[in-house]
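S.K.: What follows is a single structure, and I will ask about it in a moment.
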Amino acid sequence: MTLIELIESGAQQLLDANVSFGHGTTNAFDESAWLVLWALGLPLGTQLDGEDSKANTTVALVDTEKVATLFRARIQTRKPAAYLTHEAWLQGVAFYVDERVIVPRSLIAELIVDGSIDYWLKASTHTVLDLCTGNGSLAILAAMTYPDVVVTGSDLSIDALAVARINVDKHALQSRITLLESDGMASPALQARGPFDLILCNPPYVNAQSMAELPAEYRAEPTMALSGNQAGGSDGMDFVRDLLQCVPPHMTADAVLVLEIGNERAYFEAAFPHLEVVWLETSAGEDQVLLVTRDAL
């Protein structure tokens with residue numbers, strides 16, 4: 001069997017099994033290519049078309065068995081592919097992941113890398129906070145993009161922070177990124193790191209109805225990183241309400257908060273009808289990520 005035949009066969013298996021995508025890929029072919037290339041130890045950038053294409057390379061039987069085993073695990077467990085490969089990519093940067101964290105996919109990442117938030121930053125921007133850091137990907141991308149800043153990554157989950165530590169060490173950013181346990185802004189140690197010039201936050205924000213309807217791949221992720229209803233609400237805004245109330249004293253005068261709320265814009269605007277925010281354009285549209293100034297808060 002050739003490489004492209006193996007990928008096409010895998011894609012059909014994924015479609016037939018009705019698996020859900022969204023954890024690094026959006027379709028069956030891309031996910032199949034990822035799994036096949038990973039199982040074979042080939043770079044994800046392997047050419048599958050054009051003059052240097054490896055598509056018609058013959059794959060040995062022993063290697064096709066490796067691929068088959070991986071596809072069985074993907075289909076039978078319904079775990080995101082990233083949990084099986086222990087690797088996820090965000091803005092071209094590789095991160096370690098496992099079941100202790102959600103698979104990194106924040107749209108804030110592209111806004112950092114493409115300079116979309118630079119307009120609101122100052123020459124004096126120096127202290128950055130990545131709240132709900134998870135596996136540390138946004139903290140790391142911020143440190144890579146802005147070489148003059150120091151970053152604090154915080155999370156309530158000790159397990160998530162252990163994964164973030166793996167990634168900070170992987171990218172040799174120990175001198176510029178500090179990881180702290182904190183429930184929102186509550187930790188005195190976190191408060192002592194401020195005030196912050198820029199706060200990035202991809203919080204738990206999924207509303208109760210959507211949580212109940214999530215595909216199995218999303219239910220495989222930590223609930224506390226997804227559900228925004230853990231204080232008894234149902235609109236997904238529990239964490240966000242607390243954050244917006246308590247964060248201003250921990251921001252410098254010109255500071256901004258970049259907040260991802262996914263598909264929950266209607267719930268956000270119902271919860272904060274008088275708050276002036278700027279909706280930022282992303283690859284998923286203009287209603288997924290917002291920016292709010294300290295003055296507006």
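Quick note on naming: the chains in the structure tokens go A, B, ... in the order shown, residues restart at 1 in each chain, and ligands are numbered from 1 in order of appearance.
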Residues at most 6 Å from range 100-116 of chain A, counting only C-alpha atoms, excluding those fewer than 5 positions away in the same chain, as a list in words?
M.R.: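 These residues fall inside the cut-off: Gly134, Asp159, Ala160 and Glu221 of chain A.
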S.K.: Store the residues picked out above in a file with N, CA and C atoms, as an mmCIF file, in the first residue's frame.
M.R.:
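This is the output file out35.cif:
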```cif
data_model
loop_
_atom_site.group_PDB
_atom_site.id
_atom_site.type_symbol
_atom_site.label_atom_id
_atom_site.label_comp_id
_atom_site.auth_asym_id
_atom_site.auth_seq_id
_atom_site.Cartn_x
_atom_site.Cartn_y
_atom_site.Cartn_z
ATOM 1 N N GLY A 134 -3.451 26.353 30.990
ATOM 2 C CA GLY A 134 -3.521 25.008 30.427
ATOM 3 C C GLY A 134 -2.138 24.436 30.185
ATOM 4 N N ASP A 159 -2.395 19.682 37.725
ATOM 5 C CA ASP A 159 -2.070 18.772 36.627
ATOM 6 C C ASP A 159 -1.742 19.547 35.351
ATOM 7 N N ALA A 160 -2.552 20.571 35.064
ATOM 8 C CA ALA A 160 -2.293 21.382 33.873
ATOM 9 C C ALA A 160 -0.949 22.089 33.978
ATOM 10 N N GLU A 221 -11.810 15.713 27.314
ATOM 11 C CA GLU A 221 -10.974 16.777 27.873
ATOM 12 C C GLU A 221 -11.450 17.127 29.288
#
```
S.K.: Check the DSSP output for the backbone and give back, as number ranges by chain, the residues of range 90-203 of chain A in alpha helix (DSSP H).
M.R.: A: 108-113, 137-145, 158-170, 188-193
S.K.: Nearest to Thr2 in chain A: which of A:Ala28, A:Asp238, A:Asp63, A:Asn18 is it, counting only C-alpha atoms?
M.R.: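 Of all the options, A:Asp63 lies closest to Thr2 in chain A.
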S.K.: Measuring between only C-alpha atoms, which one of A:Ala216, A:Ala139, A:Val19, A:Met211 shows the shortest distance to Gln230 in chain A?
M.R.: A:Met211
S.K.: Of the candidates A:Asp52, A:Glu217, A:Asp235, A:Asp295, which shows the shortest atom-to-atom distance to Asp254 in chain A, using only C-alpha atoms?
M.R.: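 For Asp254 in chain A, the nearest of the candidates is A:Asp295.
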S.K.: Could you tell me how far CA of Gly228 in chain A sits from CA of Leu190 in chain A, in Å to one decimal place?
M.R.: 21.8 Å
S.K.: Extract, using only C-alpha atoms, all DNA, RNA and protein residues at most 10 Å from Met251 in chain A, discarding same-chain residues fewer than 6 positions from it, and format them as a short mmCIF file (atom, residue, chain, number, x, y, z; two decimals) with N, CA and C atoms, in the first residue's frame.
M.R.:
```cif
data_model
loop_
_atom_site.label_atom_id
_atom_site.label_comp_id
_atom_site.auth_asym_id
_atom_site.auth_seq_id
_atom_site.Cartn_x
_atom_site.Cartn_y
_atom_site.Cartn_z
N THR A 127 4.88 43.21 31.41
CA THR A 127 4.37 42.10 32.21
C THR A 127 3.11 41.53 31.56
N VAL A 128 3.15 40.24 31.27
CA VAL A 128 2.05 39.56 30.60
C VAL A 128 1.56 38.42 31.48
N LEU A 129 0.25 38.27 31.54
CA LEU A 129 -0.36 37.17 32.28
C LEU A 129 -1.18 36.31 31.32
N GLN A 191 -0.96 37.84 42.35
CA GLN A 191 -1.17 39.28 42.47
C GLN A 191 0.16 40.02 42.61
N GLY A 194 1.94 41.21 39.46
CA GLY A 194 1.38 42.33 38.73
C GLY A 194 1.83 43.65 39.28
N PRO A 195 1.20 44.75 38.81
CA PRO A 195 0.09 44.73 37.86
C PRO A 195 0.57 44.36 36.46
N PHE A 196 -0.37 43.89 35.62
CA PHE A 196 -0.04 43.36 34.31
C PHE A 196 -0.40 44.36 33.21
N ASP A 197 0.44 44.39 32.20
CA ASP A 197 0.20 45.25 31.03
C ASP A 197 -0.71 44.58 30.01
N LEU A 198 -0.65 43.27 29.96
CA LEU A 198 -1.45 42.49 29.00
C LEU A 198 -1.89 41.21 29.69
N ILE A 199 -3.18 40.93 29.63
CA ILE A 199 -3.72 39.68 30.17
C ILE A 199 -4.39 38.92 29.05
N LEU A 257 -7.18 43.41 28.36
CA LEU A 257 -7.49 42.00 28.56
C LEU A 257 -8.00 41.44 27.25
N THR A 293 -10.34 47.22 27.61
CA THR A 293 -9.33 48.00 28.31
C THR A 293 -9.64 48.08 29.79
N ARG A 294 -8.63 48.44 30.57
CA ARG A 294 -8.86 48.64 32.00
C ARG A 294 -9.86 49.76 32.23
N ASP A 295 -9.75 50.82 31.43
CA ASP A 295 -10.69 51.93 31.58
C ASP A 295 -12.13 51.47 31.38
#
```
S.K.: Could you give me, as a ChimeraX atom specification, the residues within 9 Å of Ser32 in chain A, counting only C-alpha atoms and dropping anything in the same chain fewer than 4 positions from it?
M.R.: /A:6-14,27-28,36-37,71
S.K.: Deliver the residues from the most recent selection as a file, using N, CA and C atoms, as a tab-separated table (two decimals), in the first residue's frame.
M.R.:
```
chain	number	residue	atom	x	y	z
A	6	LEU	N	-2.81	4.78	2.08
A	6	LEU	CA	-2.98	4.58	3.53
A	6	LEU	C	-3.72	5.76	4.15
A	7	ILE	N	-3.38	6.96	3.73
A	7	ILE	CA	-4.04	8.15	4.25
A	7	ILE	C	-5.51	8.19	3.82
A	8	GLU	N	-5.77	7.91	2.56
A	8	GLU	CA	-7.14	7.94	2.06
A	8	GLU	C	-8.00	6.86	2.72
A	9	SER	N	-7.40	5.69	2.94
A	9	SER	CA	-8.13	4.63	3.63
A	9	SER	C	-8.45	5.03	5.06
A	10	GLY	N	-7.46	5.65	5.74
A	10	GLY	CA	-7.69	6.10	7.11
A	10	GLY	C	-8.77	7.15	7.19
A	11	ALA	N	-8.76	8.08	6.23
A	11	ALA	CA	-9.79	9.14	6.20
A	11	ALA	C	-11.18	8.53	6.08
A	12	GLN	N	-11.30	7.50	5.24
A	12	GLN	CA	-12.61	6.86	5.07
A	12	GLN	C	-13.04	6.16	6.35
A	13	GLN	N	-12.07	5.55	7.04
A	13	GLN	CA	-12.40	4.91	8.32
A	13	GLN	C	-12.93	5.92	9.32
A	14	LEU	N	-12.30	7.08	9.38
A	14	LEU	CA	-12.73	8.12	10.31
A	14	LEU	C	-14.13	8.62	9.97
A	27	ASN	N	-11.01	18.11	9.31
A	27	ASN	CA	-11.59	17.17	8.35
A	27	ASN	C	-10.86	15.84	8.41
A	28	ALA	N	-11.49	14.84	7.82
A	28	ALA	CA	-10.98	13.47	7.92
A	28	ALA	C	-9.63	13.29	7.23
A	36	VAL	N	-1.20	9.09	10.21
A	36	VAL	CA	-0.35	8.21	9.42
A	36	VAL	C	1.11	8.67	9.48
A	37	LEU	N	1.32	9.97	9.24
A	37	LEU	CA	2.69	10.48	9.24
A	37	LEU	C	3.34	10.31	10.61
A	71	PHE	N	-5.24	3.95	14.39
A	71	PHE	CA	-6.60	4.29	13.96
A	71	PHE	C	-7.64	3.57	14.80
```
S.K.: Between A:Thr223, A:Ser283, A:Asn56, A:Asn207, which residue has the minimum interatomic distance to Phe268 in chain A, considering only C-alpha atoms?
M.R.: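 Among the listed residues, A:Asn207 lies closest to Phe268 in chain A.
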S.K.: Just want the 12 Å neighbourhood of Ser53 in chain A, counted on only C-alpha atoms, with same-chain residues fewer than 4 positions away dropped. Output as a PyMOL selection string.
M.R.: chain A and resi 2-4+45-49+57
S.K.: Output all heavy atoms for every residue in the selection just made, as a PDB file, in the first residue's frame.
M.R.:
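Result file part_27.pdb:
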```pdb
ATOM      1  N   THR A   2       0.514   2.256  -0.777  1.00  0.00           N
ATOM      2  CA  THR A   2       1.300   3.493  -0.816  1.00  0.00           C
ATOM      3  C   THR A   2       0.878   4.425   0.319  1.00  0.00           C
ATOM      4  O   THR A   2      -0.173   4.236   0.953  1.00  0.00           O
ATOM      5  CB  THR A   2       1.112   4.215  -2.150  1.00  0.00           C
ATOM      6  OG1 THR A   2      -0.250   4.644  -2.259  1.00  0.00           O
ATOM      7  CG2 THR A   2       1.470   3.333  -3.330  1.00  0.00           C
ATOM      8  N   LEU A   3       1.696   5.437   0.531  1.00  0.00           N
ATOM      9  CA  LEU A   3       1.417   6.394   1.598  1.00  0.00           C
ATOM     10  C   LEU A   3       0.072   7.071   1.385  1.00  0.00           C
ATOM     11  O   LEU A   3      -0.735   7.188   2.323  1.00  0.00           O
ATOM     12  CB  LEU A   3       2.541   7.435   1.652  1.00  0.00           C
ATOM     13  CG  LEU A   3       2.419   8.524   2.719  1.00  0.00           C
ATOM     14  CD1 LEU A   3       2.367   7.918   4.116  1.00  0.00           C
ATOM     15  CD2 LEU A   3       3.596   9.500   2.617  1.00  0.00           C
ATOM     16  N   ILE A   4      -0.205   7.535   0.180  1.00  0.00           N
ATOM     17  CA  ILE A   4      -1.464   8.245  -0.061  1.00  0.00           C
ATOM     18  C   ILE A   4      -2.657   7.302   0.067  1.00  0.00           C
ATOM     19  O   ILE A   4      -3.717   7.691   0.563  1.00  0.00           O
ATOM     20  CB  ILE A   4      -1.454   8.947  -1.441  1.00  0.00           C
ATOM     21  CG1 ILE A   4      -2.638   9.906  -1.559  1.00  0.00           C
ATOM     22  CG2 ILE A   4      -1.448   7.932  -2.573  1.00  0.00           C
ATOM     23  CD1 ILE A   4      -2.611  11.042  -0.581  1.00  0.00           C
ATOM     24  N   GLY A  45       5.138  17.893   7.647  1.00  0.00           N
ATOM     25  CA  GLY A  45       5.232  18.661   6.407  1.00  0.00           C
ATOM     26  C   GLY A  45       5.602  17.819   5.196  1.00  0.00           C
ATOM     27  O   GLY A  45       5.911  18.373   4.123  1.00  0.00           O
ATOM     28  N   THR A  46       5.543  16.506   5.320  1.00  0.00           N
ATOM     29  CA  THR A  46       5.878  15.631   4.194  1.00  0.00           C
ATOM     30  C   THR A  46       5.025  15.954   2.969  1.00  0.00           C
ATOM     31  O   THR A  46       3.797  16.054   3.072  1.00  0.00           O
ATOM     32  CB  THR A  46       5.669  14.155   4.582  1.00  0.00           C
ATOM     33  OG1 THR A  46       6.560  13.822   5.661  1.00  0.00           O
ATOM     34  CG2 THR A  46       5.935  13.235   3.404  1.00  0.00           C
ATOM     35  N   GLN A  47       5.671  16.111   1.821  1.00  0.00           N
ATOM     36  CA  GLN A  47       4.971  16.468   0.582  1.00  0.00           C
ATOM     37  C   GLN A  47       4.099  15.315   0.109  1.00  0.00           C
ATOM     38  O   GLN A  47       4.564  14.185  -0.024  1.00  0.00           O
ATOM     39  CB  GLN A  47       5.988  16.798  -0.509  1.00  0.00           C
ATOM     40  CG  GLN A  47       6.704  18.127  -0.322  1.00  0.00           C
ATOM     41  CD  GLN A  47       5.843  19.299  -0.736  1.00  0.00           C
ATOM     42  OE1 GLN A  47       5.224  19.942   0.094  1.00  0.00           O
ATOM     43  NE2 GLN A  47       5.794  19.568  -2.023  1.00  0.00           N
ATOM     44  N   LEU A  48       2.836  15.645  -0.162  1.00  0.00           N
ATOM     45  CA  LEU A  48       1.910  14.646  -0.674  1.00  0.00           C
ATOM     46  C   LEU A  48       1.466  14.961  -2.096  1.00  0.00           C
ATOM     47  O   LEU A  48       0.642  14.251  -2.672  1.00  0.00           O
ATOM     48  CB  LEU A  48       0.693  14.525   0.250  1.00  0.00           C
ATOM     49  CG  LEU A  48       0.993  14.032   1.667  1.00  0.00           C
ATOM     50  CD1 LEU A  48      -0.260  14.046   2.514  1.00  0.00           C
ATOM     51  CD2 LEU A  48       1.609  12.631   1.637  1.00  0.00           C
ATOM     52  N   ASP A  49       1.998  16.059  -2.660  1.00  0.00           N
ATOM     53  CA  ASP A  49       1.730  16.395  -4.057  1.00  0.00           C
ATOM     54  C   ASP A  49       2.924  17.178  -4.597  1.00  0.00           C
ATOM     55  O   ASP A  49       3.828  17.549  -3.851  1.00  0.00           O
ATOM     56  CB  ASP A  49       0.428  17.201  -4.206  1.00  0.00           C
ATOM     57  CG  ASP A  49       0.415  18.452  -3.339  1.00  0.00           C
ATOM     58  OD1 ASP A  49       1.498  18.915  -2.917  1.00  0.00           O
ATOM     59  OD2 ASP A  49      -0.682  18.974  -3.077  1.00  0.00           O
ATOM     60  N   THR A  57       5.039   6.534  -2.213  1.00  0.00           N
ATOM     61  CA  THR A  57       6.011   5.702  -1.516  1.00  0.00           C
ATOM     62  C   THR A  57       5.315   4.464  -0.939  1.00  0.00           C
ATOM     63  O   THR A  57       4.258   4.570  -0.309  1.00  0.00           O
ATOM     64  CB  THR A  57       6.676   6.487  -0.368  1.00  0.00           C
ATOM     65  OG1 THR A  57       7.309   7.645  -0.907  1.00  0.00           O
ATOM     66  CG2 THR A  57       7.692   5.633   0.360  1.00  0.00           C
TER      67      THR A  57
END
```
S.K.: When distances are computed from only C-alpha atoms, which of A:Asn263, A:Ser227, A:Thr152, A:Thr77 shows the smallest separation from Leu200 in chain A?
M.R.: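 Closest candidate: A:Thr152.
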S.K.: Just checking: using only C-alpha atoms, which residue out of A:Ala94, A:Leu214, A:Cys201, A:Ile117 ends up closest to Val278 in chain A?
M.R.: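 Comparing A:Ala94, A:Leu214, A:Cys201, A:Ile117 against Val278 in chain A, the winner is A:Ile117.
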S.K.: Identify, on the basis of only C-alpha atoms, every residue whose closest approach to Ser210 in chain A does not exceed 12 Å; exclude the query and any residue fewer than 5 positions from it along the same chain; express the result as a list in words.
M.R.: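 Returned residues: Tyr205, Pro215, Tyr218, Arg219, Leu226, Ser227, Gly228, Asn229, Ser234, Asp235, Gly236, Gly262, Asn263 and Glu264 of chain A.
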S.K.: Got a sec: who's within 7 Å of Val97 in chain A, counting only C-alpha atoms, leaving out chain neighbours fewer than 3 positions off, as a list of chain:residue names?
M.R.: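 Counting only C-alpha atoms, the residues come to A:Ala82, A:Tyr83, A:His86, A:Glu87, A:Ala88, A:Val101, A:Val103, A:Asn135, A:Val163.
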S.K.: To one decimal in Å, tell me the separation between CA of Cys132 in chain A and CA of Trp34 in chain A.
M.R.: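 Taking CA of Cys132 in chain A as the start and CA of Trp34 in chain A as the end point, the length is 27.5 Å.
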